[in-house]
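J.: Got a structure for you, questions after.
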Amino acid sequence: MKSIRKLGLSSDIALLAVILLLVEFVRGATVLSFIPIFGEKELGITLGIIGTAITAHYLTDTVLKIFIGYLLDRFSSKLIVICGLLISLGGIGLFHWGSNPWIFILASAIYGVGMSPVWLVCLTKVNTEQRAAQMGFLYTIWLVGMGAGPVVLNVVLDYTPHLAYALLLGLTFIALALSFFLPRGRNNGESATPVPFKEQFAVLRERLSAMKPLLPGMILQTLGASMLVPILPKFAEQFLSLSSGQYSLLLLIGGGCTVIGLVPMGKWSDRVGRKPFLIVGFAIFGLTLASLSMKPGVLMAYALAVILGISYAAVLPAWNALLALYVPPAQKGLGWSLLSTVENIGVLIGPVVGGLIAEAFSVSAVIWFSAGLFSIIAIVYWLFPSRWFAER
């Protein structure tokens with residue numbers, strides 16, 4: 001509780017953080033474990049349909065972000081969160097009839113609809129003076145949920161698959177129940193009179209025009225990270241000679257270092273500034289990724305995972321604090337949703353690009369390509385004038 005007070009978190013954002021933890025736990029468990037494993041082994045769904053279902057999830061989540069952000073600027077954030085979680089609960093419930101491929105895809109898509117509001121509301125609640133530190137806290141919650149969800153569900157799926165399905169339903173219901181305790185009112189505390197949609201977009205267009213040089217980086221960052229997702233297990237087996245247990249430990253080490261580093265890195269970024277954290281963080285991340293392709297030993301691979309985790313922790317809070325400078329104060333919901341949509345373009349195409357590169361060349365080529373992207377981003381940000389990273 002003391003650490004939460006030091007971060008300046010209000011009671012409503014603390015409650016949102018608990019809801020976010022549950023939501024991201026279920027999302028990680030659903031997308032990374034339930035859909036591919038339960039879908040194939042219990043429902044007899046083909047890998048092609050499973051891939052389509054995962055794409056449908058992220059597609060609806062991405063496309064609807066702008067619309068949900070617009071609603072957040074006009075209606076109570078509590079109402080939006082409740083409606084979103086109701087839709088998510090309905091999507092998970094629809095998996096009960098998921099032996100039909102089209103229903104399976106539809107369930108995944110509907111589940112994606114309800115995921116956007118919670119994270120967007122959290123972004124609008126963050127305090128401007130302590131944004132990087134508070135974003136570090138929220139990203140810690142996000143990473144813990146996303147990381148723990150698949151691990152826990154994999155264990156449950158090995159023993160009782162139907163209990164795993166009940167767990168997803170139960171946790172989503174708990175998140176929904178908690179959302180009824182959120183305070184009423186709009187997310188930004190502005191006037192009760194909503195700003196017309198055209199005026200909101202006029203302001204956003206002005207802000208987006210001002211940050212044009214940053215837009216490619218937004219897409220390339222998520223592209224470079226997401227293209228690793230489909231090839232990491234094979235890369236760990238072929239190039240790092242890791243067993244499944246060692247690979248799981250590698251992920252835990254990297255993710256754990258990120259979680260531990262997010263809050264202190266966020267506070268440090270608030271004091272020092274965003275530009276050096278982005279330059280150094282992306283540069284180290286790119287170089288460390290490239291080092292993994294040199295077939296290091298197991299202990300060295302673990303050491304590189306530590307460096308990757310810390311560099312990722314340095315980048316995330318500083319990057320989101322930078323984006324916050326371009327979000328109009330009176331249109332936080334729409335602003336954050338638009339920026340999140342741009343970032344998610346990389347998430348949508350990254351796995352496809354990674355798979356195509358692996359098939360055309362090799363798995364290690366994907367690692368080198370991703371490392372090159374992060375290194376280029378670091379160089380570009382180094383060349384940017386400091387005014388791009390200053391308060392506006």
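In the structure tokens, chains take the letters A, B, ... in the order shown, each chain's residues start at 1, and ligands count up from 1 in the order shown.
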Write out as a Markdown table a residue-level contact list of segment 214-308 of chain A versus segment 365-383 of chain A with cut-off 7 Å: for each qualifying residue the closest pair of atoms and the distance in Å to one decimal, counting only C-alpha atoms, rows sorted by chain and residue number upward.
T.:
| residue | atom | partner | partner_atom | distance |
| --- | --- | --- | --- | --- |
| A:Gly217 | CA | A:Ile377 | CA | 6.4 |
| A:Leu220 | CA | A:Leu373 | CA | 6.8 |
| A:Gln221 | CA | A:Phe374 | CA | 6.8 |
| A:Gly224 | CA | A:Ser370 | CA | 4.7 |
| A:Leu228 | CA | A:Val366 | CA | 7.0 |
| A:Leu278 | CA | A:Ala378 | CA | 6.9 |
| A:Ile279 | CA | A:Ala378 | CA | 4.6 |
| A:Phe282 | CA | A:Ala378 | CA | 5.2 |
| A:Ala283 | CA | A:Ser375 | CA | 5.1 |
| A:Phe285 | CA | A:Phe374 | CA | 6.9 |
| A:Gly286 | CA | A:Ala371 | CA | 4.1 |
| A:Leu287 | CA | A:Ala371 | CA | 6.5 |
| A:Leu289 | CA | A:Ala371 | CA | 5.5 |
| A:Ala290 | CA | A:Ala371 | CA | 5.7 |
| A:Ser293 | CA | A:Ile367 | CA | 6.9 |
J.: Might you pull out every residue within 10 Å of Ala164 of chain A, with only C-alpha atoms counted and same-chain residues fewer than 4 positions away left off, and present them as an NGL selection string?
T.: :A and (29-30 or 33-34 or 38 or 152-160 or 168-170)
J.: For the atom pair atom CA of Gly281 of chain A and atom CA of Leu223 of chain A, what is the interatomic distance in Å to one decimal place?
T.: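 According to the coordinates, atom CA of Gly281 of chain A and atom CA of Leu223 of chain A are separated by 16.6 Å.
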J.: Using only C-alpha atoms, which residues sit within 12 Å of segment 275-277 of chain A once same-chain residues fewer than 6 positions away are excluded, as a PyMOL selection string?
T.: chain A and resi 132+265-269+283-285+310-322+377-390
J.: Within 12 Å of Ser243 of chain A, counting only C-alpha atoms, which residues show up once you throw out same-chain ones fewer than 6 positions away? Write them as a PyMOL selection string, please.
T.: chain A and resi 233-237+249-250+298
J.: Mind checking which residues fall within 8 Å of segment 83-94 of chain A, counting only C-alpha atoms, ignoring those fewer than 3 positions away in the same chain, and posting them as a ChimeraX atom specification?
T.: /A:79-80,97-98,103-104,106-117,168-169,172-173,175-176
J.: Name the closest residue to Val263 of chain A among the candidates A:Val280, A:Ser362, A:Leu138, A:Arg184; distances are taken between atoms, counting only C-alpha atoms.
T.: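 Of A:Val280, A:Ser362, A:Leu138, A:Arg184, the one nearest Val263 of chain A is A:Leu138, counting only C-alpha atoms.
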J.: Could you tell me which of A:Ile45, A:Val353, A:Val306, A:Ala358 comes closest to Ala225 of chain A if we count only C-alpha atoms?
T.: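 Looking at the shortest contact to Ala225 of chain A, the residue is A:Val353.
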J.: Write out as a list in words each polymer residue whose atoms come within 12 Å of Leu251 of chain A, counting only C-alpha atoms; drop sequence neighbours fewer than 4 positions from it.
T.: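 Residues near the query, excluding close chain neighbours: Leu143, Gly147, Ala148, Pro150, Val151, Val229, Leu232, Pro233, Ala236, Leu242, Ser244, Gly245, Gln246, Tyr247, Gly255, Gly256, Cys257, Thr258, Ala301, Tyr302, Ala303, Leu304, Ala305, Val306, Leu308 and Gly309 of chain A.
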J.: Just to be explicit: take each residue in the selection above, keep N, CA and C atoms, and write the result as a short mmCIF file (atom, residue, chain, number, x, y, z; two decimals), in the first residue's frame.
T.:
data_model
loop_
_atom_site.label_atom_id
_atom_site.label_comp_id
_atom_site.auth_asym_id
_atom_site.auth_seq_id
_atom_site.Cartn_x
_atom_site.Cartn_y
_atom_site.Cartn_z
N LEU A 143 2.15 -7.21 -17.44
CA LEU A 143 3.08 -8.29 -17.70
C LEU A 143 2.86 -9.48 -16.77
N GLY A 147 1.81 -12.91 -18.37
CA GLY A 147 2.78 -13.99 -18.19
C GLY A 147 2.25 -15.14 -17.37
N ALA A 148 1.51 -14.82 -16.31
CA ALA A 148 1.03 -15.88 -15.42
C ALA A 148 -0.14 -16.65 -16.03
N PRO A 150 -0.95 -17.85 -19.18
CA PRO A 150 -0.66 -19.07 -19.94
C PRO A 150 -0.01 -20.16 -19.10
N VAL A 151 0.89 -19.76 -18.17
CA VAL A 151 1.57 -20.75 -17.33
C VAL A 151 0.58 -21.52 -16.48
N VAL A 229 7.12 -13.71 -31.84
CA VAL A 229 6.21 -14.62 -31.14
C VAL A 229 6.12 -16.01 -31.78
N LEU A 232 9.89 -18.02 -31.51
CA LEU A 232 10.72 -18.13 -30.30
C LEU A 232 10.92 -19.57 -29.81
N PRO A 233 9.84 -20.38 -29.70
CA PRO A 233 10.06 -21.75 -29.22
C PRO A 233 11.02 -22.54 -30.12
N ALA A 236 14.60 -21.23 -29.65
CA ALA A 236 15.18 -21.70 -28.39
C ALA A 236 15.65 -23.14 -28.50
N LEU A 242 17.85 -25.32 -25.91
CA LEU A 242 17.15 -25.33 -24.62
C LEU A 242 16.03 -26.35 -24.63
N SER A 244 12.33 -27.66 -23.06
CA SER A 244 11.12 -26.89 -22.80
C SER A 244 11.16 -26.24 -21.42
N GLY A 245 11.72 -26.95 -20.44
CA GLY A 245 11.83 -26.39 -19.10
C GLY A 245 12.80 -25.22 -19.06
N GLN A 246 13.93 -25.36 -19.76
CA GLN A 246 14.91 -24.27 -19.80
C GLN A 246 14.36 -23.06 -20.54
N TYR A 247 13.58 -23.31 -21.59
CA TYR A 247 12.97 -22.21 -22.34
C TYR A 247 11.96 -21.46 -21.47
N GLY A 255 10.99 -11.92 -18.37
CA GLY A 255 9.77 -11.25 -17.93
C GLY A 255 9.87 -10.75 -16.51
N GLY A 256 10.51 -11.53 -15.66
CA GLY A 256 10.67 -11.12 -14.25
C GLY A 256 11.51 -9.87 -14.12
N CYS A 257 12.60 -9.79 -14.89
CA CYS A 257 13.45 -8.60 -14.84
C CYS A 257 12.71 -7.37 -15.35
N THR A 258 11.84 -7.57 -16.35
CA THR A 258 11.03 -6.46 -16.84
C THR A 258 10.08 -5.97 -15.76
N ALA A 301 22.75 -17.36 -22.25
CA ALA A 301 21.40 -17.05 -22.73
C ALA A 301 20.56 -16.47 -21.59
N TYR A 302 20.71 -17.04 -20.40
CA TYR A 302 19.98 -16.51 -19.24
C TYR A 302 20.44 -15.09 -18.92
N ALA A 303 21.76 -14.84 -19.02
CA ALA A 303 22.28 -13.50 -18.75
C ALA A 303 21.75 -12.49 -19.78
N LEU A 304 21.68 -12.92 -21.04
CA LEU A 304 21.13 -12.03 -22.07
C LEU A 304 19.65 -11.76 -21.84
N ALA A 305 18.92 -12.76 -21.30
CA ALA A 305 17.51 -12.56 -20.98
C ALA A 305 17.34 -11.49 -19.90
N VAL A 306 18.26 -11.46 -18.95
CA VAL A 306 18.23 -10.43 -17.91
C VAL A 306 18.40 -9.04 -18.54
N LEU A 308 17.82 -8.16 -21.68
CA LEU A 308 16.64 -7.86 -22.48
C LEU A 308 15.49 -7.36 -21.60
N GLY A 309 15.29 -8.02 -20.47
CA GLY A 309 14.21 -7.63 -19.57
C GLY A 309 14.41 -6.23 -19.01
#
